[in-house]
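Okay, my_file_8.cif now, which holds mmCIF, C-alpha atoms:
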```
data_target
loop_
_atom_site.label_atom_id
_atom_site.label_comp_id
_atom_site.auth_asym_id
_atom_site.auth_seq_id
_atom_site.Cartn_x
_atom_site.Cartn_y
_atom_site.Cartn_z
CA MET A 2 1.39 29.51 -11.66
CA THR A 3 -0.51 30.64 -8.56
CA ALA A 4 -2.44 28.81 -5.87
CA THR A 5 -5.63 29.26 -7.93
CA TRP A 6 -5.05 26.18 -10.08
CA LEU A 7 -4.51 24.14 -6.92
CA ASP A 8 -7.77 25.42 -5.43
CA THR A 9 -9.54 24.31 -8.60
CA LEU A 10 -7.85 20.92 -8.48
CA ALA A 11 -8.82 20.42 -4.83
CA ASP A 12 -12.40 21.49 -5.54
CA LYS A 13 -12.63 18.84 -8.25
CA ALA A 14 -11.25 16.18 -5.91
CA LEU A 15 -13.77 17.15 -3.23
CA GLU A 16 -16.46 16.32 -5.79
CA ARG A 17 -14.63 13.05 -6.57
CA GLU A 18 -13.91 14.32 -10.07
CA PRO A 19 -10.61 12.99 -11.42
CA PRO A 20 -7.95 15.47 -12.45
CA ALA A 21 -7.12 16.00 -16.08
CA ARG A 22 -3.81 14.54 -17.15
CA GLU A 23 -2.35 18.05 -17.48
CA GLU A 24 -3.38 18.87 -13.91
CA ALA A 25 -1.71 15.74 -12.51
CA LEU A 26 1.45 16.58 -14.44
CA ALA A 27 1.33 20.15 -13.11
CA VAL A 28 1.40 18.87 -9.54
CA LEU A 29 4.57 16.91 -10.25
CA ALA A 30 6.14 19.86 -12.08
CA SER A 31 5.32 22.45 -9.41
CA GLY A 32 8.18 24.44 -7.94
CA ASP A 33 9.54 24.48 -4.40
CA ASP A 34 7.91 27.88 -3.82
CA GLU A 35 4.53 26.20 -4.39
CA LEU A 36 5.21 23.09 -2.30
CA LEU A 37 3.27 24.13 0.79
CA ASP A 38 0.37 25.22 -1.42
CA VAL A 39 0.39 21.76 -3.02
CA VAL A 40 0.38 20.10 0.43
CA ALA A 41 -2.39 22.40 1.67
CA ALA A 42 -4.59 21.66 -1.35
CA ALA A 43 -4.11 17.92 -0.90
CA PHE A 44 -4.81 18.27 2.83
CA ARG A 45 -8.22 19.79 2.07
CA VAL A 46 -9.12 16.57 0.26
CA ARG A 47 -7.58 14.30 2.89
CA LEU A 48 -9.44 16.16 5.66
CA ARG A 49 -12.81 15.86 3.93
CA TYR A 50 -12.68 12.10 3.49
CA PHE A 51 -10.42 10.88 6.32
CA GLY A 52 -10.35 13.62 8.93
CA ARG A 53 -7.18 13.61 11.01
CA ARG A 54 -7.03 9.83 11.36
CA VAL A 55 -3.95 7.80 10.44
CA LYS A 56 -4.35 4.11 9.72
CA LEU A 57 -1.45 1.92 10.86
CA ASN A 58 -0.45 -1.17 8.89
CA PHE A 59 2.04 -3.81 9.98
CA LEU A 60 4.02 -6.10 7.66
CA VAL A 61 4.90 -9.69 8.46
CA ASN A 62 7.37 -11.19 5.99
CA ALA A 63 6.40 -14.86 6.21
CA LYS A 64 8.85 -16.05 3.53
CA SER A 65 11.86 -13.95 2.60
CA GLY A 66 14.29 -13.90 -0.32
CA LEU A 67 15.17 -16.44 -3.01
CA CYS A 68 12.43 -15.30 -5.41
CA PRO A 69 12.67 -16.60 -9.00
CA GLU A 70 11.35 -13.33 -10.47
CA ASP A 71 13.77 -10.66 -11.74
CA CYS A 72 12.06 -7.43 -10.58
CA HIS A 73 14.91 -4.92 -10.71
CA TYR A 74 13.76 -2.96 -7.67
CA CYS A 75 13.54 -5.95 -5.36
CA SER A 76 16.22 -7.12 -2.92
CA GLN A 77 14.66 -10.61 -2.98
CA ARG A 78 14.91 -11.04 -6.77
CA ALA A 79 16.65 -13.87 -8.60
CA GLY A 80 20.39 -13.21 -8.53
CA SER A 81 20.16 -10.53 -5.86
CA ALA A 82 23.39 -9.91 -3.98
CA ALA A 83 21.62 -7.71 -1.43
CA ASP A 84 22.43 -8.55 2.16
CA VAL A 85 18.88 -9.36 3.27
CA LEU A 86 17.32 -12.09 5.35
CA LYS A 87 16.54 -15.30 3.47
CA TYR A 88 14.29 -17.95 4.96
CA THR A 89 11.53 -20.30 3.94
CA TRP A 90 8.05 -20.22 5.45
CA LEU A 91 7.96 -19.18 9.08
CA LYS A 92 6.06 -21.41 11.45
CA PRO A 93 2.48 -20.29 12.11
CA ALA A 94 3.33 -19.46 15.73
CA GLU A 95 6.12 -17.13 14.57
CA VAL A 96 3.83 -15.35 12.14
CA LEU A 97 1.13 -14.94 14.78
CA ALA A 98 3.62 -13.62 17.33
CA ALA A 99 4.88 -11.02 14.86
CA ALA A 100 1.34 -10.01 13.93
CA GLU A 101 0.37 -9.71 17.59
CA ALA A 102 3.26 -7.26 18.12
CA GLY A 103 1.89 -5.03 15.37
CA VAL A 104 -1.62 -5.12 16.81
CA ALA A 105 -0.32 -4.29 20.27
CA ALA A 106 1.38 -1.21 18.80
CA GLY A 107 -1.88 -0.01 17.23
CA ALA A 108 -1.98 -1.60 13.77
CA LYS A 109 -5.43 -1.88 12.24
CA ARG A 110 -4.25 -4.01 9.32
CA VAL A 111 -1.73 -6.85 9.27
CA CYS A 112 -0.15 -7.62 5.90
CA LEU A 113 1.05 -11.21 5.41
CA VAL A 114 3.65 -11.25 2.64
CA ALA A 115 5.63 -14.07 1.04
CA SER A 116 8.29 -13.90 -1.65
CA GLY A 117 7.92 -15.90 -4.86
CA ARG A 118 6.17 -15.80 -8.20
CA GLY A 119 2.98 -17.06 -6.65
CA PRO A 120 1.75 -19.60 -4.10
CA ALA A 121 1.24 -23.29 -4.64
CA ASP A 122 -2.07 -24.60 -3.34
CA ARG A 123 -0.32 -25.99 -0.25
CA ASP A 124 1.07 -22.50 0.40
CA VAL A 125 -2.42 -21.03 0.20
CA THR A 126 -3.56 -23.67 2.69
CA ARG A 127 -0.73 -22.65 5.01
CA VAL A 128 -1.61 -18.95 4.77
CA CYS A 129 -5.33 -19.64 5.19
CA GLU A 130 -4.60 -21.46 8.44
CA MET A 131 -2.54 -18.48 9.63
CA ILE A 132 -5.32 -16.07 8.73
CA SER A 133 -8.00 -18.14 10.44
CA ALA A 134 -5.95 -18.44 13.62
CA PHE A 135 -5.25 -14.71 13.68
CA LYS A 136 -8.87 -13.78 13.04
CA GLU A 137 -10.01 -15.94 15.93
CA ARG A 138 -7.97 -13.71 18.23
CA HIS A 139 -8.49 -10.39 16.45
CA PRO A 140 -11.72 -10.41 14.45
CA ASP A 141 -11.72 -6.62 14.07
CA VAL A 142 -8.18 -6.36 12.67
CA GLU A 143 -7.91 -6.46 8.89
CA VAL A 144 -5.69 -9.00 7.16
CA CYS A 145 -4.17 -8.29 3.76
CA ALA A 146 -2.34 -11.06 1.88
CA CYS A 147 0.42 -10.43 -0.64
CA LEU A 148 1.57 -13.67 -2.23
CA GLY A 149 2.24 -12.78 -5.87
CA LEU A 150 0.41 -14.15 -8.90
CA LEU A 151 -2.67 -16.18 -8.04
CA ALA A 152 -4.03 -19.31 -9.68
CA GLU A 153 -7.74 -19.77 -10.25
CA GLY A 154 -9.68 -20.17 -7.01
CA GLN A 155 -6.88 -19.08 -4.69
CA ALA A 156 -8.27 -15.60 -4.04
CA GLY A 157 -11.59 -17.13 -3.04
CA ARG A 158 -9.89 -19.48 -0.60
CA LEU A 159 -8.10 -16.58 1.05
CA ARG A 160 -11.38 -14.68 1.36
CA GLU A 161 -13.13 -17.70 2.87
CA ALA A 162 -10.34 -18.02 5.45
CA GLY A 163 -10.97 -14.47 6.60
CA ALA A 164 -8.62 -12.32 4.51
CA ASP A 165 -10.00 -8.84 3.97
CA ALA A 166 -7.69 -7.56 1.24
CA TYR A 167 -5.08 -8.57 -1.32
CA ASN A 168 -2.09 -6.49 -2.36
CA HIS A 169 -0.53 -6.59 -5.80
CA ASN A 170 1.06 -3.38 -7.06
CA LEU A 171 1.25 -2.27 -10.68
CA ASN A 172 4.51 -0.53 -9.73
CA THR A 173 5.11 1.48 -12.90
CA ALA A 174 3.58 2.47 -16.22
CA GLU A 175 2.74 -0.28 -18.69
CA ALA A 176 5.01 1.22 -21.36
CA ARG A 177 8.11 0.77 -19.23
CA TYR A 178 7.19 -2.36 -17.28
CA GLY A 179 9.58 -4.46 -19.37
CA ASP A 180 12.43 -2.23 -18.18
CA ILE A 181 11.98 -3.38 -14.57
CA CYS A 182 10.82 -6.98 -14.96
CA THR A 183 10.95 -9.67 -17.66
CA THR A 184 9.67 -12.77 -15.84
CA HIS A 185 6.05 -11.65 -15.71
CA SER A 186 4.07 -8.92 -17.41
CA TYR A 187 2.14 -5.81 -16.51
CA ALA A 188 -0.99 -7.61 -17.72
CA ASP A 189 -0.30 -10.38 -15.18
CA ARG A 190 -0.39 -7.79 -12.41
CA VAL A 191 -3.61 -6.22 -13.63
CA ALA A 192 -5.20 -9.67 -13.78
CA VAL A 193 -4.33 -10.39 -10.13
CA VAL A 194 -5.95 -7.17 -8.92
CA ARG A 195 -9.08 -8.08 -10.84
CA GLN A 196 -9.04 -11.65 -9.46
CA ALA A 197 -8.84 -10.38 -5.91
CA LYS A 198 -11.65 -7.91 -6.46
CA ALA A 199 -13.87 -10.55 -8.06
CA ALA A 200 -13.35 -12.82 -5.04
CA GLY A 201 -14.58 -10.14 -2.66
CA LEU A 202 -11.16 -9.08 -1.41
CA SER A 203 -10.54 -5.37 -0.99
CA PRO A 204 -8.08 -4.48 -3.78
CA CYS A 205 -4.80 -2.90 -2.68
CA SER A 206 -2.53 -1.77 -5.51
CA GLY A 207 -0.03 1.02 -5.88
CA LEU A 208 3.25 2.14 -7.36
CA ILE A 209 6.98 2.54 -6.80
CA ALA A 210 8.57 5.93 -7.46
CA GLY A 211 12.25 6.61 -7.95
CA MET A 212 13.08 3.97 -10.56
CA GLY A 213 14.08 6.45 -13.27
CA GLU A 214 10.54 7.06 -14.45
CA SER A 215 9.30 10.34 -15.92
CA ASP A 216 6.43 12.47 -14.66
CA ALA A 217 4.37 11.08 -17.52
CA ASP A 218 5.10 7.52 -16.36
CA LEU A 219 3.92 8.34 -12.83
CA VAL A 220 0.69 9.84 -14.14
CA ASP A 221 0.19 6.86 -16.46
CA VAL A 222 0.40 4.32 -13.65
CA ALA A 223 -1.79 6.44 -11.35
CA PHE A 224 -4.51 6.72 -14.01
CA ALA A 225 -4.24 2.99 -14.78
CA LEU A 226 -4.70 2.24 -11.10
CA ARG A 227 -7.74 4.49 -10.99
CA GLU A 228 -9.32 2.36 -13.70
CA LEU A 229 -8.93 -0.64 -11.35
CA ASP A 230 -10.51 1.35 -8.48
CA PRO A 231 -8.40 0.02 -5.57
CA ASP A 232 -9.57 0.73 -2.04
CA SER A 233 -5.99 1.36 -0.92
CA VAL A 234 -3.04 2.74 -2.88
CA PRO A 235 0.44 2.19 -1.43
CA VAL A 236 2.98 4.74 -2.67
CA ASN A 237 6.44 3.19 -2.36
CA PHE A 238 9.70 5.07 -2.77
CA LEU A 239 12.53 2.95 -4.15
CA ILE A 240 14.97 1.58 -1.59
CA PRO A 241 18.05 1.16 -3.83
CA PHE A 242 19.67 -1.88 -2.24
CA ASP A 243 23.27 -2.64 -3.12
CA GLY A 244 23.28 -5.86 -5.11
CA THR A 245 20.21 -4.99 -7.21
CA PRO A 246 20.07 -3.48 -10.72
CA LEU A 247 18.73 -0.19 -9.32
CA ALA A 248 21.43 0.24 -6.69
CA GLY A 249 22.61 3.82 -6.69
CA GLU A 250 19.30 5.18 -8.06
CA TRP A 251 19.06 7.99 -5.49
CA THR A 252 16.98 10.48 -7.49
CA LEU A 253 14.20 11.29 -5.04
CA THR A 254 14.08 14.32 -2.77
CA PRO A 255 11.65 14.92 0.10
CA GLN A 256 9.94 17.60 -2.00
CA ARG A 257 9.56 15.23 -4.95
CA CYS A 258 8.03 12.60 -2.68
CA LEU A 259 5.46 15.07 -1.37
CA ARG A 260 4.46 16.04 -4.91
CA ILE A 261 4.02 12.37 -5.83
CA LEU A 262 1.86 11.78 -2.77
CA ALA A 263 -0.22 14.86 -3.58
CA MET A 264 -0.73 13.71 -7.16
CA ALA A 265 -1.93 10.35 -5.81
CA ARG A 266 -4.34 12.06 -3.42
CA PHE A 267 -5.91 14.13 -6.22
CA VAL A 268 -6.28 11.01 -8.38
CA PHE A 269 -7.64 8.96 -5.43
CA PRO A 270 -9.46 11.52 -3.26
CA ASP A 271 -11.52 9.02 -1.28
CA ALA A 272 -9.25 5.96 -1.33
CA GLU A 273 -6.71 5.03 1.31
CA VAL A 274 -3.40 6.52 0.19
CA ARG A 275 -0.57 4.85 2.11
CA ILE A 276 3.01 6.03 2.47
CA ALA A 277 4.81 2.72 2.10
CA GLY A 278 8.42 1.56 1.67
CA GLY A 279 11.17 4.16 1.66
CA ARG A 280 9.26 6.72 3.72
CA GLU A 281 12.00 7.33 6.25
CA ILE A 282 14.97 7.51 3.90
CA HIS A 283 13.35 9.72 1.26
CA LEU A 284 10.87 11.97 3.12
CA ARG A 285 13.20 12.23 6.12
CA SER A 286 12.35 15.31 8.22
CA LEU A 287 9.34 16.07 6.00
CA GLN A 288 7.48 12.90 7.01
CA PRO A 289 4.91 14.87 9.05
CA LEU A 290 3.96 16.82 5.91
CA GLY A 291 3.32 13.48 4.24
CA LEU A 292 0.67 12.78 6.88
CA HIS A 293 -1.20 15.86 5.68
CA ILE A 294 -1.64 14.12 2.31
CA ALA A 295 -1.75 10.37 2.99
CA ASN A 296 -4.02 8.81 5.61
CA SER A 297 -2.12 5.55 6.11
CA ILE A 298 1.42 4.39 6.88
CA PHE A 299 3.31 1.23 7.73
CA LEU A 300 4.35 0.93 11.35
CA GLY A 301 7.82 -0.41 12.09
CA ASP A 302 9.84 -2.43 9.60
CA TYR A 303 9.29 -3.37 5.95
CA LEU A 304 9.95 -6.60 4.05
CA THR A 305 13.75 -6.52 3.97
CA SER A 306 14.58 -3.08 5.37
CA GLU A 307 14.13 -1.49 8.76
CA GLY A 308 11.83 1.43 9.42
CA GLN A 309 12.06 3.94 12.22
CA PRO A 310 10.99 2.70 15.68
CA GLY A 311 7.25 2.29 16.03
CA GLY A 312 7.24 4.56 19.06
CA LYS A 313 8.75 7.34 16.99
CA ASP A 314 6.00 6.88 14.38
CA LEU A 315 3.38 7.27 17.09
CA GLU A 316 5.10 10.39 18.44
CA MET A 317 5.24 11.85 14.93
CA ILE A 318 1.52 11.26 14.42
CA ALA A 319 0.64 12.90 17.72
CA ASP A 320 3.03 15.81 17.25
CA ALA A 321 1.52 16.55 13.83
CA GLY A 322 -1.96 16.73 15.37
CA PHE A 323 -3.28 13.43 14.03
CA THR A 324 -4.81 10.42 15.79
CA VAL A 325 -4.39 6.69 15.23
CA GLU A 326 -7.43 5.11 13.60
CA GLY A 327 -9.06 2.47 15.79
CA ALA A 328 -9.84 -1.05 14.63
CA GLU A 329 -13.54 -0.37 15.06
CA GLU A 330 -13.52 2.72 12.83
CA PRO A 331 -14.24 2.42 9.11
CA THR A 332 -11.31 3.64 7.03
CA LEU A 333 -13.11 4.40 3.79
CA PRO A 334 -15.85 7.02 3.58
CA GLY A 335 -19.34 5.62 3.53
CA HIS A 336 -20.08 6.31 -0.13
CA ARG A 337 -17.37 3.88 -1.24
CA ARG A 338 -17.92 0.15 -1.49
CA ASP A 339 -16.22 -0.92 1.72
CA LEU A 340 -15.37 -4.62 1.44
CA VAL A 341 -13.47 -4.66 4.71
CA ARG A 342 -16.32 -5.81 6.87
CA PRO A 343 -15.76 -8.39 9.66
CA ARG A 344 -18.43 -11.08 9.69
CA ARG A 345 -20.92 -10.78 12.52
CA ARG A 346 -23.56 -13.28 11.37
CA GLY A 347 -23.85 -16.93 10.40
CA ALA A 348 -21.69 -19.74 11.76
CA GLY A 349 -20.43 -19.08 15.28
CA THR A 350 -23.02 -16.36 15.99
CA PRO A 351 -26.67 -16.34 17.08
CA LEU A 352 -27.62 -14.51 13.86
CA PRO A 353 -28.84 -16.23 10.68
CA ALA A 354 -26.47 -16.77 7.80
CA ASN A 355 -26.49 -14.37 4.87
CA ALA A 356 -28.17 -16.77 2.44
#
```
Could you quickly redo this structure as structure tokens?
Amino acid sequence: MTATWLDTLADKALEREPPAREEALAVLASGDDELLDVVAAAFRVRLRYFGRRVKLNFLVNAKSGLCPEDCHYCSQRAGSAADVLKYTWLKPAEVLAAAEAGVAAGAKRVCLVASGRGPADRDVTRVCEMISAFKERHPDVEVCACLGLLAEGQAGRLREAGADAYNHNLNTAEARYGDICTTHSYADRVAVVRQAKAAGLSPCSGLIAGMGESDADLVDVAFALRELDPDSVPVNFLIPFDGTPLAGEWTLTPQRCLRILAMARFVFPDAEVRIAGGREIHLRSLQPLGLHIANSIFLGDYLTSEGQPGGKDLEMIADAGFTVEGAEEPTLPGHRRDLVRPRRRGAGTPLPANA
């Protein structure tokens, strides 16, 4: 292979034309001698749609551990022996204080996450109150909720409270979903993404790499996600916690991670591709190359694991020649349906309601 096939692939992505399955597989199968060519081709696409901006996201784990689901990758799963924090719902003031810290460090999106199969209605009420209080202070900062499976009407309530987005990852290919979880189905996850989208929430859905999947599995889940058309696509790299079924699954290399990110960029040329969990331990010294492909990262810590210091993230972004995206800047290019739009009319403003 030469760089020519990568030029062709990048040209297609610049026209928002999806890659053929064989092309996506070729990215994952490319050799180390081609790695910088793969990154450069993906960077052409990233630069066209997102410039040199990096969007910062900040996680707040509002309820940790003791989940009844058996997701094999998760340190919070039923029966987990992982040494992680376990606590019930934080008080609203604690959640707001944590979120404020992320905003002060430059986060444009705050992600409110809670363990569990899905929220009861009283839990949705609790989260809605948190969202409303946060939005009063930071109307320009996006809020993404991640609460698991949703009952009818719950997505709409979150949207009414001021949530901008909802995260629910597909994680892996449908054909092997039963290998990583038995307490809910792949179809359940697809349904939640569709619920969120129907309620006017910006859909956020991605994958986890490093769980023993094949190249074909990675392409399958990426193409399935494309059918759902998420606005943001988190690419997680497995953190193999001791005490979980996937402990010891250390199969990823920094080069492999870059190829996976590049494949995601070609499949989602104009969507927000986010380097999510496992960035530091798997990309390691090649993290700056990841910024040439993805336009979004998490700042600071994750749900149950620690990330590198936020200050180091900011130094890395600057050293690589990128800038932090401001809260007032639109993330998605204008031709996409951008649902993340703070309200500026109606109640509480001098402008008429949108009715």
Would you pick out the contacts of Ile261 (chain A) at 9 Å or less, using all atoms listed in the file, so that residues sharing its chain but fewer than 6 positions from it are not included, and give the list as a ChimeraX atom specification? /A:28-29,210,219,236
Running the PyMOL selection byres ((chain A and resi 186) around 12) on this model by hand, what would come out? Give it as number ranges by chain. A: 70-72, 118, 150, 171-185, 187-193
Run the PyMOL selection byres ((chain A and resi 124-134) around 8) on the file and write out the hits as a compact mmCIF listing (two decimals) with C-alpha atoms, in the frame of the given file.
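Ended up saving to selection09.txt:
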```txt
# COMPACT_ATOMS: atom_id res chain seq x y z
CA PRO A 93 2.48 -20.29 12.11
CA VAL A 96 3.83 -15.35 12.14
CA LEU A 97 1.13 -14.94 14.78
CA PRO A 120 1.75 -19.60 -4.10
CA ALA A 121 1.24 -23.29 -4.64
CA ASP A 122 -2.07 -24.60 -3.34
CA ARG A 123 -0.32 -25.99 -0.25
CA PHE A 135 -5.25 -14.71 13.68
CA LYS A 136 -8.87 -13.78 13.04
CA GLU A 137 -10.01 -15.94 15.93
CA ARG A 138 -7.97 -13.71 18.23
CA VAL A 144 -5.69 -9.00 7.16
CA GLN A 155 -6.88 -19.08 -4.69
CA ARG A 158 -9.89 -19.48 -0.60
CA LEU A 159 -8.10 -16.58 1.05
CA ALA A 162 -10.34 -18.02 5.45
CA GLY A 163 -10.97 -14.47 6.60
CA ALA A 164 -8.62 -12.32 4.51
```
I need every residue sitting at most 8 Å from the point (-2.2, -10.1, 15.9) (coordinates as in the file, all atoms listed in the file considered), written as an MDAnalysis selection string. chainID A and resid 97:105 111 135 138:139 142
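Using only C-alpha atoms for every distance, the candidate list A:Ala197, A:Pro246, A:Arg227, A:Arg260 yields A:Arg260 as the residue closest to Leu36 (chain A).
What the PyMOL selection byres ((chain A and resi 32) around 12) picks from this file is Met2, Thr3, Ala4, Ala27, Val28, Leu29, Ala30, Ser31, Asp33, Asp34, Glu35, Leu36, Leu37, Asp38, Val39, Gln256, Arg257, Leu259 and Arg260 of chain A.
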Using C-alpha atoms, can you write the selected residues to a file as a tab-separated table (two decimals), in the frame of the given file?
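The resulting file, out-v7.tsv, is shown below:
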```tsv
chain	number	residue	atom	x	y	z
A	2	MET	CA	1.39	29.51	-11.66
A	3	THR	CA	-0.51	30.64	-8.56
A	4	ALA	CA	-2.44	28.81	-5.87
A	27	ALA	CA	1.33	20.15	-13.11
A	28	VAL	CA	1.40	18.87	-9.54
A	29	LEU	CA	4.57	16.91	-10.25
A	30	ALA	CA	6.14	19.86	-12.08
A	31	SER	CA	5.32	22.45	-9.41
A	33	ASP	CA	9.54	24.48	-4.40
A	34	ASP	CA	7.91	27.88	-3.82
A	35	GLU	CA	4.53	26.20	-4.39
A	36	LEU	CA	5.21	23.09	-2.30
A	37	LEU	CA	3.27	24.13	0.79
A	38	ASP	CA	0.37	25.22	-1.42
A	39	VAL	CA	0.39	21.76	-3.02
A	256	GLN	CA	9.94	17.60	-2.00
A	257	ARG	CA	9.56	15.23	-4.95
A	259	LEU	CA	5.46	15.07	-1.37
A	260	ARG	CA	4.46	16.04	-4.91
```
Write out as a list in words the residues lying within 10 Å of region 308-319 of chain A, counting only C-alpha atoms and excluding same-chain residues fewer than 2 positions away. Arg53, Arg54, Val55, Leu57, Gly103, Ala106, Gly107, Gly278, Gly279, Arg280, Glu281, Ile282, Gln288, Pro289, Leu292, Ile298, Phe299, Leu300, Gly301, Asp302, Tyr303, Leu304, Thr305, Ser306, Ala321, Gly322, Phe323, Thr324 and Val325 of chain A
Just the residues within 8 Å of Val114 (chain A), please, counting all atoms listed in the file, with nothing from its chain fewer than 4 positions along; format it as an mmCIF file with C-alpha atoms, in the coordinates of the input.
```
data_model
loop_
_atom_site.group_PDB
_atom_site.id
_atom_site.type_symbol
_atom_site.label_atom_id
_atom_site.label_comp_id
_atom_site.auth_asym_id
_atom_site.auth_seq_id
_atom_site.Cartn_x
_atom_site.Cartn_y
_atom_site.Cartn_z
ATOM 1 C CA LEU A 60 4.020 -6.100 7.660
ATOM 2 C CA VAL A 61 4.900 -9.690 8.460
ATOM 3 C CA ASN A 62 7.370 -11.190 5.990
ATOM 4 C CA ALA A 63 6.400 -14.860 6.210
ATOM 5 C CA LYS A 64 8.850 -16.050 3.530
ATOM 6 C CA ALA A 146 -2.340 -11.060 1.880
ATOM 7 C CA CYS A 147 0.420 -10.430 -0.640
ATOM 8 C CA LEU A 148 1.570 -13.670 -2.230
ATOM 9 C CA LEU A 304 9.950 -6.600 4.050
#
```
Residue contacts of Asn296 (chain A) (10 Å, all atoms listed in the file) excluding same-chain residues fewer than 3 positions away, as an MDAnalysis selection string: chainID A and resid 44 47:48 50:57 266 272:276 291:293 323 325:326 332
Go ahead and dump the residues you just picked, C-alpha atoms, as a tab-separated table (two decimals), in the coordinates of the input.
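Result went into again.tsv, see below:
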```tsv
chain	number	residue	atom	x	y	z
A	44	PHE	CA	-4.81	18.27	2.83
A	47	ARG	CA	-7.58	14.30	2.89
A	48	LEU	CA	-9.44	16.16	5.66
A	50	TYR	CA	-12.68	12.10	3.49
A	51	PHE	CA	-10.42	10.88	6.32
A	52	GLY	CA	-10.35	13.62	8.93
A	53	ARG	CA	-7.18	13.61	11.01
A	54	ARG	CA	-7.03	9.83	11.36
A	55	VAL	CA	-3.95	7.80	10.44
A	56	LYS	CA	-4.35	4.11	9.72
A	57	LEU	CA	-1.45	1.92	10.86
A	266	ARG	CA	-4.34	12.06	-3.42
A	272	ALA	CA	-9.25	5.96	-1.33
A	273	GLU	CA	-6.71	5.03	1.31
A	274	VAL	CA	-3.40	6.52	0.19
A	275	ARG	CA	-0.57	4.85	2.11
A	276	ILE	CA	3.01	6.03	2.47
A	291	GLY	CA	3.32	13.48	4.24
A	292	LEU	CA	0.67	12.78	6.88
A	293	HIS	CA	-1.20	15.86	5.68
A	323	PHE	CA	-3.28	13.43	14.03
A	325	VAL	CA	-4.39	6.69	15.23
A	326	GLU	CA	-7.43	5.11	13.60
A	332	THR	CA	-11.31	3.64	7.03
```
With only C-alpha atoms as the atoms that count, which of A:Ala79, A:Ala21, A:Val46, A:Leu151 lies nearest to Thr245 (chain A)?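 Of A:Ala79, A:Ala21, A:Val46, A:Leu151, the one nearest Thr245 (chain A), counting only C-alpha atoms, is A:Ala79.
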Would you compute the box with edges along x, y and z of the file around region 164-174 of chain A, including every atom the file lists for it and 8 Å extra on each side, and give its centre and edge lengths in Å to one decimal, as lines of an AutoDock Vina configuration file?
```
center_x = -2.4
center_y = -4.9
center_z = -5.9
size_x = 31.1
size_y = 30.8
size_z = 36.7
```
Which one of A:Cys68, A:Gly157, A:His283, A:Ser76 sits closest to Asp243 (chain A) if you count only C-alpha atoms?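 For Asp243 (chain A), the nearest of the given residues is A:Ser76.
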For region 191-202 of chain A, supply N, CA and C atoms and report the output as an mmCIF file, in the frame of the given file.
```cif
data_model
loop_
_atom_site.group_PDB
_atom_site.id
_atom_site.type_symbol
_atom_site.label_atom_id
_atom_site.label_comp_id
_atom_site.auth_asym_id
_atom_site.auth_seq_id
_atom_site.Cartn_x
_atom_site.Cartn_y
_atom_site.Cartn_z
ATOM 1 N N VAL A 191 -2.237 -6.710 -13.531
ATOM 2 C CA VAL A 191 -3.610 -6.220 -13.630
ATOM 3 C C VAL A 191 -4.596 -7.364 -13.374
ATOM 4 N N ALA A 192 -4.303 -8.519 -13.925
ATOM 5 C CA ALA A 192 -5.200 -9.670 -13.780
ATOM 6 C C ALA A 192 -5.348 -10.072 -12.311
ATOM 7 N N VAL A 193 -4.260 -10.006 -11.541
ATOM 8 C CA VAL A 193 -4.330 -10.390 -10.130
ATOM 9 C C VAL A 193 -5.221 -9.430 -9.353
ATOM 10 N N VAL A 194 -5.101 -8.147 -9.617
ATOM 11 C CA VAL A 194 -5.950 -7.170 -8.920
ATOM 12 C C VAL A 194 -7.423 -7.462 -9.225
ATOM 13 N N ARG A 195 -7.695 -7.775 -10.470
ATOM 14 C CA ARG A 195 -9.080 -8.080 -10.840
ATOM 15 C C ARG A 195 -9.560 -9.383 -10.205
ATOM 16 N N GLN A 196 -8.679 -10.391 -10.127
ATOM 17 C CA GLN A 196 -9.040 -11.650 -9.460
ATOM 18 C C GLN A 196 -9.422 -11.402 -8.012
ATOM 19 N N ALA A 197 -8.594 -10.641 -7.322
ATOM 20 C CA ALA A 197 -8.840 -10.380 -5.910
ATOM 21 C C ALA A 197 -10.169 -9.663 -5.720
ATOM 22 N N LYS A 198 -10.408 -8.684 -6.554
ATOM 23 C CA LYS A 198 -11.650 -7.910 -6.460
ATOM 24 C C LYS A 198 -12.864 -8.798 -6.719
ATOM 25 N N ALA A 199 -12.764 -9.665 -7.719
ATOM 26 C CA ALA A 199 -13.870 -10.550 -8.060
ATOM 27 C C ALA A 199 -14.183 -11.530 -6.940
ATOM 28 N N ALA A 200 -13.163 -11.871 -6.147
ATOM 29 C CA ALA A 200 -13.350 -12.820 -5.040
ATOM 30 C C ALA A 200 -13.877 -12.149 -3.781
ATOM 31 N N GLY A 201 -14.070 -10.832 -3.827
ATOM 32 C CA GLY A 201 -14.580 -10.140 -2.660
ATOM 33 C C GLY A 201 -13.508 -9.601 -1.742
ATOM 34 N N LEU A 202 -12.246 -9.652 -2.182
ATOM 35 C CA LEU A 202 -11.160 -9.080 -1.410
ATOM 36 C C LEU A 202 -11.010 -7.597 -1.749
#
```
